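Coordinates from final.pdb are shown below (PDB, C-alpha atoms and all ligand atoms).
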ATOM      1  CA  MET A   1      37.455  37.948  44.751
ATOM      2  CA  VAL A   2      35.176  35.722  42.751
ATOM      3  CA  LYS A   3      31.441  35.381  43.182
ATOM      4  CA  ILE A   4      30.004  31.925  42.703
ATOM      5  CA  SER A   5      26.327  31.013  42.913
ATOM      6  CA  LEU A   6      24.906  27.671  43.909
ATOM      7  CA  GLN A   7      22.041  26.743  41.608
ATOM      8  CA  ILE A   8      19.474  24.000  42.065
ATOM      9  CA  ASN A   9      16.989  22.292  39.809
ATOM     10  CA  ALA A  10      14.222  19.937  40.921
ATOM     11  CA  THR A  11      10.861  18.516  40.015
ATOM     12  CA  LEU A  12       8.209  19.576  42.522
ATOM     13  CA  GLU A  13       4.966  17.720  43.152
ATOM     14  CA  GLN A  14       2.349  19.921  44.848
ATOM     15  CA  VAL A  15       5.201  21.958  46.299
ATOM     16  CA  GLU A  16       4.903  25.703  45.779
ATOM     17  CA  GLU A  17       8.210  26.743  47.322
ATOM     18  CA  LEU A  18      11.389  24.983  48.347
ATOM     19  CA  TYR A  19      13.970  26.787  50.467
ATOM     20  CA  THR A  20      16.578  26.366  53.181
ATOM     21  CA  ASN A  21      16.250  27.285  56.832
ATOM     22  CA  HIS A  22      18.587  30.207  56.152
ATOM     23  CA  PRO A  23      20.548  31.646  57.963
ATOM     24  CA  HIS A  24      20.987  28.400  59.912
ATOM     25  CA  TYR A  25      21.283  26.107  56.910
ATOM     26  CA  ALA A  26      24.622  24.294  56.621
ATOM     27  CA  PHE A  27      25.791  24.309  53.009
ATOM     28  CA  LEU A  28      28.046  21.268  52.717
ATOM     29  CA  LEU A  29      30.779  22.083  50.214
ATOM     30  CA  LYS A  30      33.966  20.593  48.872
ATOM     31  CA  LEU A  31      36.467  23.361  48.289
ATOM     32  CA  LYS A  32      39.366  23.641  45.881
ATOM     33  CA  CYS A  33      42.445  25.760  46.571
ATOM     34  CA  LEU A  34      43.040  27.912  43.495
ATOM     35  CA  SER A  35      46.646  28.539  44.252
ATOM     36  CA  CYS A  36      47.815  24.894  44.221
ATOM     37  CA  GLY A  37      44.769  22.993  42.961
ATOM     38  CA  GLU A  38      44.400  20.898  46.106
ATOM     39  CA  CYS A  39      40.843  19.660  46.618
ATOM     40  CA  PRO A  40      40.585  17.671  49.860
ATOM     41  CA  ASP A  41      37.897  15.016  50.002
ATOM     42  CA  VAL A  42      36.230  16.725  52.969
ATOM     43  CA  TRP A  43      32.818  18.340  53.380
ATOM     44  CA  HIS A  44      32.919  21.788  54.962
ATOM     45  CA  ASP A  45      29.784  23.295  56.435
ATOM     46  CA  VAL A  46      29.183  26.932  55.616
ATOM     47  CA  ILE A  47      26.456  28.604  57.675
ATOM     48  CA  GLU A  48      25.460  32.254  57.362
ATOM     49  CA  SER A  49      24.774  32.639  61.092
ATOM     50  CA  LYS A  50      28.219  31.271  61.996
ATOM     51  CA  THR A  51      31.126  33.606  61.261
ATOM     52  CA  TYR A  52      34.876  33.552  61.768
ATOM     53  CA  PRO A  53      37.335  36.420  61.866
ATOM     54  CA  SER A  54      38.922  36.763  58.440
ATOM     55  CA  LYS A  55      42.653  36.735  57.877
ATOM     56  CA  THR A  56      42.309  37.694  54.217
ATOM     57  CA  GLY A  57      39.647  40.390  54.223
ATOM     58  CA  LYS A  58      38.247  43.131  56.400
ATOM     59  CA  SER A  59      34.953  41.545  57.370
ATOM     60  CA  ASP A  60      34.123  38.235  59.027
ATOM     61  CA  THR A  61      33.796  35.164  56.849
ATOM     62  CA  HIS A  62      31.826  31.934  56.961
ATOM     63  CA  TYR A  63      34.827  29.758  56.205
ATOM     64  CA  SER A  64      38.482  30.444  56.739
ATOM     65  CA  ALA A  65      41.362  27.990  56.631
ATOM     66  CA  LYS A  66      44.933  27.534  55.595
ATOM     67  CA  CYS A  67      45.458  25.188  52.648
ATOM     68  CA  LYS A  68      47.192  22.078  54.002
ATOM     69  CA  LEU A  69      49.289  21.744  50.864
ATOM     70  CA  CYS A  70      50.468  25.249  49.956
ATOM     71  CA  GLY A  71      49.745  27.080  53.203
ATOM     72  CA  ARG A  72      47.723  29.867  51.635
ATOM     73  CA  GLU A  73      44.985  31.481  53.735
ATOM     74  CA  ASN A  74      41.682  30.968  51.970
ATOM     75  CA  SER A  75      38.201  32.140  52.861
ATOM     76  CA  LEU A  76      34.634  32.089  51.673
ATOM     77  CA  SER A  77      31.550  34.044  52.699
ATOM     78  CA  ILE A  78      27.859  33.846  51.991
ATOM     79  CA  ILE A  79      26.828  37.194  50.490
ATOM     80  CA  GLU A  80      24.057  38.629  52.625
ATOM     81  CA  GLY A  81      20.658  38.780  50.992
ATOM     82  CA  THR A  82      21.422  36.324  48.174
ATOM     83  CA  ASN A  83      19.238  33.513  49.500
ATOM     84  CA  GLU A  84      16.377  32.713  47.138
ATOM     85  CA  LYS A  85      13.470  30.292  47.123
ATOM     86  CA  TYR A  86      13.036  27.694  44.407
ATOM     87  CA  THR A  87       9.399  27.792  43.297
ATOM     88  CA  ASN A  88       7.139  25.685  41.116
ATOM     89  CA  ASP A  89       7.587  28.307  38.367
ATOM     90  CA  ASP A  90      11.330  27.576  38.350
ATOM     91  CA  GLN A  91      10.940  23.875  37.571
ATOM     92  CA  GLY A  92      12.982  22.549  34.701
ATOM     93  CA  ARG A  93      15.750  25.110  34.988
ATOM     94  CA  PHE A  94      18.553  25.926  37.371
ATOM     95  CA  LYS A  95      18.045  28.827  39.752
ATOM     96  CA  SER A  96      20.590  30.444  42.093
ATOM     97  CA  ILE A  97      19.678  29.995  45.752
ATOM     98  CA  VAL A  98      22.781  31.499  47.359
ATOM     99  CA  THR A  99      25.974  33.297  46.283
ATOM    100  CA  PHE A 100      29.424  32.946  47.810
ATOM    101  CA  ASP A 101      32.243  35.466  47.876
ATOM    102  CA  CYS A 102      35.346  33.336  47.310
ATOM    103  CA  ARG A 103      38.912  34.318  48.152
ATOM    104  CA  GLY A 104      41.554  31.847  47.034
ATOM    105  CA  ILE A 105      39.156  28.901  46.899
ATOM    106  CA  GLU A 106      36.070  27.855  45.042
ATOM    107  CA  PRO A 107      33.343  25.316  45.787
ATOM    108  CA  VAL A 108      33.422  22.336  43.444
ATOM    109  CA  GLU A 109      30.765  20.100  44.949
ATOM    110  CA  PHE A 110      27.602  20.538  47.033
ATOM    111  CA  THR A 111      25.486  17.953  48.792
ATOM    112  CA  PRO A 112      22.090  18.761  50.290
ATOM    113  CA  THR A 113      21.299  17.544  53.808
ATOM    114  CA  ASP A 114      18.596  18.372  56.342
ATOM    115  CA  GLY A 115      17.204  21.850  56.855
ATOM    116  CA  TRP A 116      15.011  22.262  53.764
ATOM    117  CA  ILE A 117      11.490  23.630  53.955
ATOM    118  CA  ALA A 118       8.688  22.889  51.506
ATOM    119  CA  LYS A 119       5.519  24.977  51.271
ATOM    120  CA  ILE A 120       2.651  22.937  49.872
ATOM    121  CA  GLU A 121       0.316  24.266  47.172
ATOM    122  CA  GLU A 122      -3.317  24.891  48.165
ATOM    123  CA  SER A 123      -2.948  23.889  51.843
ATOM    124  CA  GLY A 124      -0.036  26.272  52.468
ATOM    125  CA  ARG A 125       1.276  23.698  54.904
ATOM    126  CA  LEU A 126       4.982  23.822  55.731
ATOM    127  CA  PHE A 127       7.076  20.694  55.958
ATOM    128  CA  GLU A 128      10.215  21.601  57.844
ATOM    129  CA  ASP A 129      13.629  20.041  58.306
ATOM    130  CA  ILE A 130      13.411  17.984  55.138
ATOM    131  CA  ASN A 131      16.522  15.952  54.389
ATOM    132  CA  LEU A 132      17.435  15.932  50.691
ATOM    133  CA  ALA A 133      20.532  13.743  51.024
ATOM    134  CA  GLU A 134      18.807  11.165  48.800
ATOM    135  CA  LYS A 135      18.062  13.944  46.255
ATOM    136  CA  GLU A 136      14.355  13.307  46.699
ATOM    137  CA  TRP A 137      11.612  13.458  49.305
ATOM    138  CA  VAL A 138       8.024  12.280  49.375
ATOM    139  CA  GLU A 139       5.242  12.730  51.928
ATOM    140  CA  TYR A 140       1.485  12.631  52.132
ATOM    141  CA  ASP A 141      -0.433  15.801  52.935
ATOM    142  CA  GLU A 142      -3.767  14.673  54.379
ATOM    143  CA  ARG A 143      -5.117  18.225  54.163
ATOM    144  CA  ILE A 144      -5.159  18.082  50.370
ATOM    145  CA  GLY A 145      -5.384  14.286  50.209
ATOM    146  CA  GLN A 146      -2.425  13.990  47.881
ATOM    147  CA  SER A 147       1.195  12.987  47.944
ATOM    148  CA  VAL A 148       3.720  15.770  47.803
ATOM    149  CA  GLY A 149       7.335  15.491  46.817
ATOM    150  CA  ILE A 150      10.639  16.705  45.504
ATOM    151  CA  TYR A 151      12.395  14.684  42.815
ATOM    152  CA  ASP A 152      15.493  14.795  40.603
ATOM    153  CA  PHE A 153      17.277  17.293  42.798
ATOM    154  CA  GLN A 154      20.367  18.593  40.986
ATOM    155  CA  SER A 155      22.875  21.324  41.717
ATOM    156  CA  GLN A 156      25.650  23.218  39.979
ATOM    157  CA  PHE A 157      27.902  26.232  40.502
ATOM    158  CA  ILE A 158      28.204  29.218  38.197
ATOM    159  CA  LYS A 159      30.590  32.153  38.314
ATOM    160  CA  ILE A 160      28.903  35.534  38.234
ATOM    161  CA  LYS A 161      30.254  38.979  37.482
TER
HETATM  162 ZN    ZN B 201      46.722  25.281  48.200
END

Can I see the file as structure tokens?
Amino acid sequence: MVKISLQINATLEQVEELYTNHPHYAFLLKLKCLSCGECPDVWHDVIESKTYPSKTGKSDTHYSAKCKLCGRENSLSIIEGTNEKYTNDDQGRFKSIVTFDCRGIEPVEFTPTDGWIAKIEESGRLFEDINLAEKEWVEYDERIGQSVGIYDFQSQFIKIK
């Protein structure tokens, strides 16, 4: 079992907090089979509120499938309670926003889609269901009379002990 965290980095304009609509957020991942190295060019959605019975472990998982190449049963789960918010204090560095428990596979690529929430500084207004597929987002908050935005969205995976 290997634990891998998804980290994000972004520039925030008037945004105090950026987070997903966990536990309903669909993390779109490309997954690599560690037993044969196969990495299908397919996005899998991993959602904490959607579980499958596990064939490899005791508890339910959030992704379970047989590798099409080597036939090994692989699975991946979101570790409960690992969801974190990215805040304006985190700007300029990567921060873990979720951690996966990986059995036989590991995520190699992530793409953000809809389901992000931004809390605006000063007004406290929430913009919901933001789509970050373009790696940026910009809006105008008339309550503070300024534009608000998310820019230079980046992500990476790190193995943790
Ligand atoms: Zn395989």

* Asked: Written as a PyMOL selection string, what is the full residue list that the PyMOL selection byres (((chain A and resi 47) around 8) and not hetatm) yields on the file shown?
  -> chain A and resi 23-27+45-46+48-51+62+78

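Residue neighbourhood of Leu18 (chain A), excluding near-sequence residues (fewer than 2 positions): A:Val15, A:Glu16, A:Thr20, A:Lys85, A:Tyr86, A:Thr87, A:Trp116, A:Ile117, A:Ala118, A:Lys119, at 8 Å, using all atoms listed in the file.
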
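Each residue with an atom within 6 Å of any atom of ligand ZN 201 (chain B) appears in the list, which was built counting only C-alpha atoms and all ligand atoms: Cys33, Ser35, Cys36, Glu38, Cys67, Leu69, Cys70 and Arg72 of chain A.
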
* Identify, on the basis of all atoms listed in the file, every residue whose closest approach to Pro112 (chain A) does not exceed 12 Å; exclude the query and any residue fewer than 3 positions from it along the same chain; express the result as a PyMOL selection string. => chain A and resi 6-8+19-20+25-29+43+45+109+115-116+129-137+153-156

* **10 Å contact set for Thr82 (chain A), all atoms listed in the file, chain neighbours under 4 positions out, as an NGL selection string** => :A and (5 or 78 or 96-100)

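Closest approach to Phe157 (chain A) among A:Val42, A:Val108, A:Val138, A:Ala65 is made by A:Val108 (distances from only C-alpha atoms).
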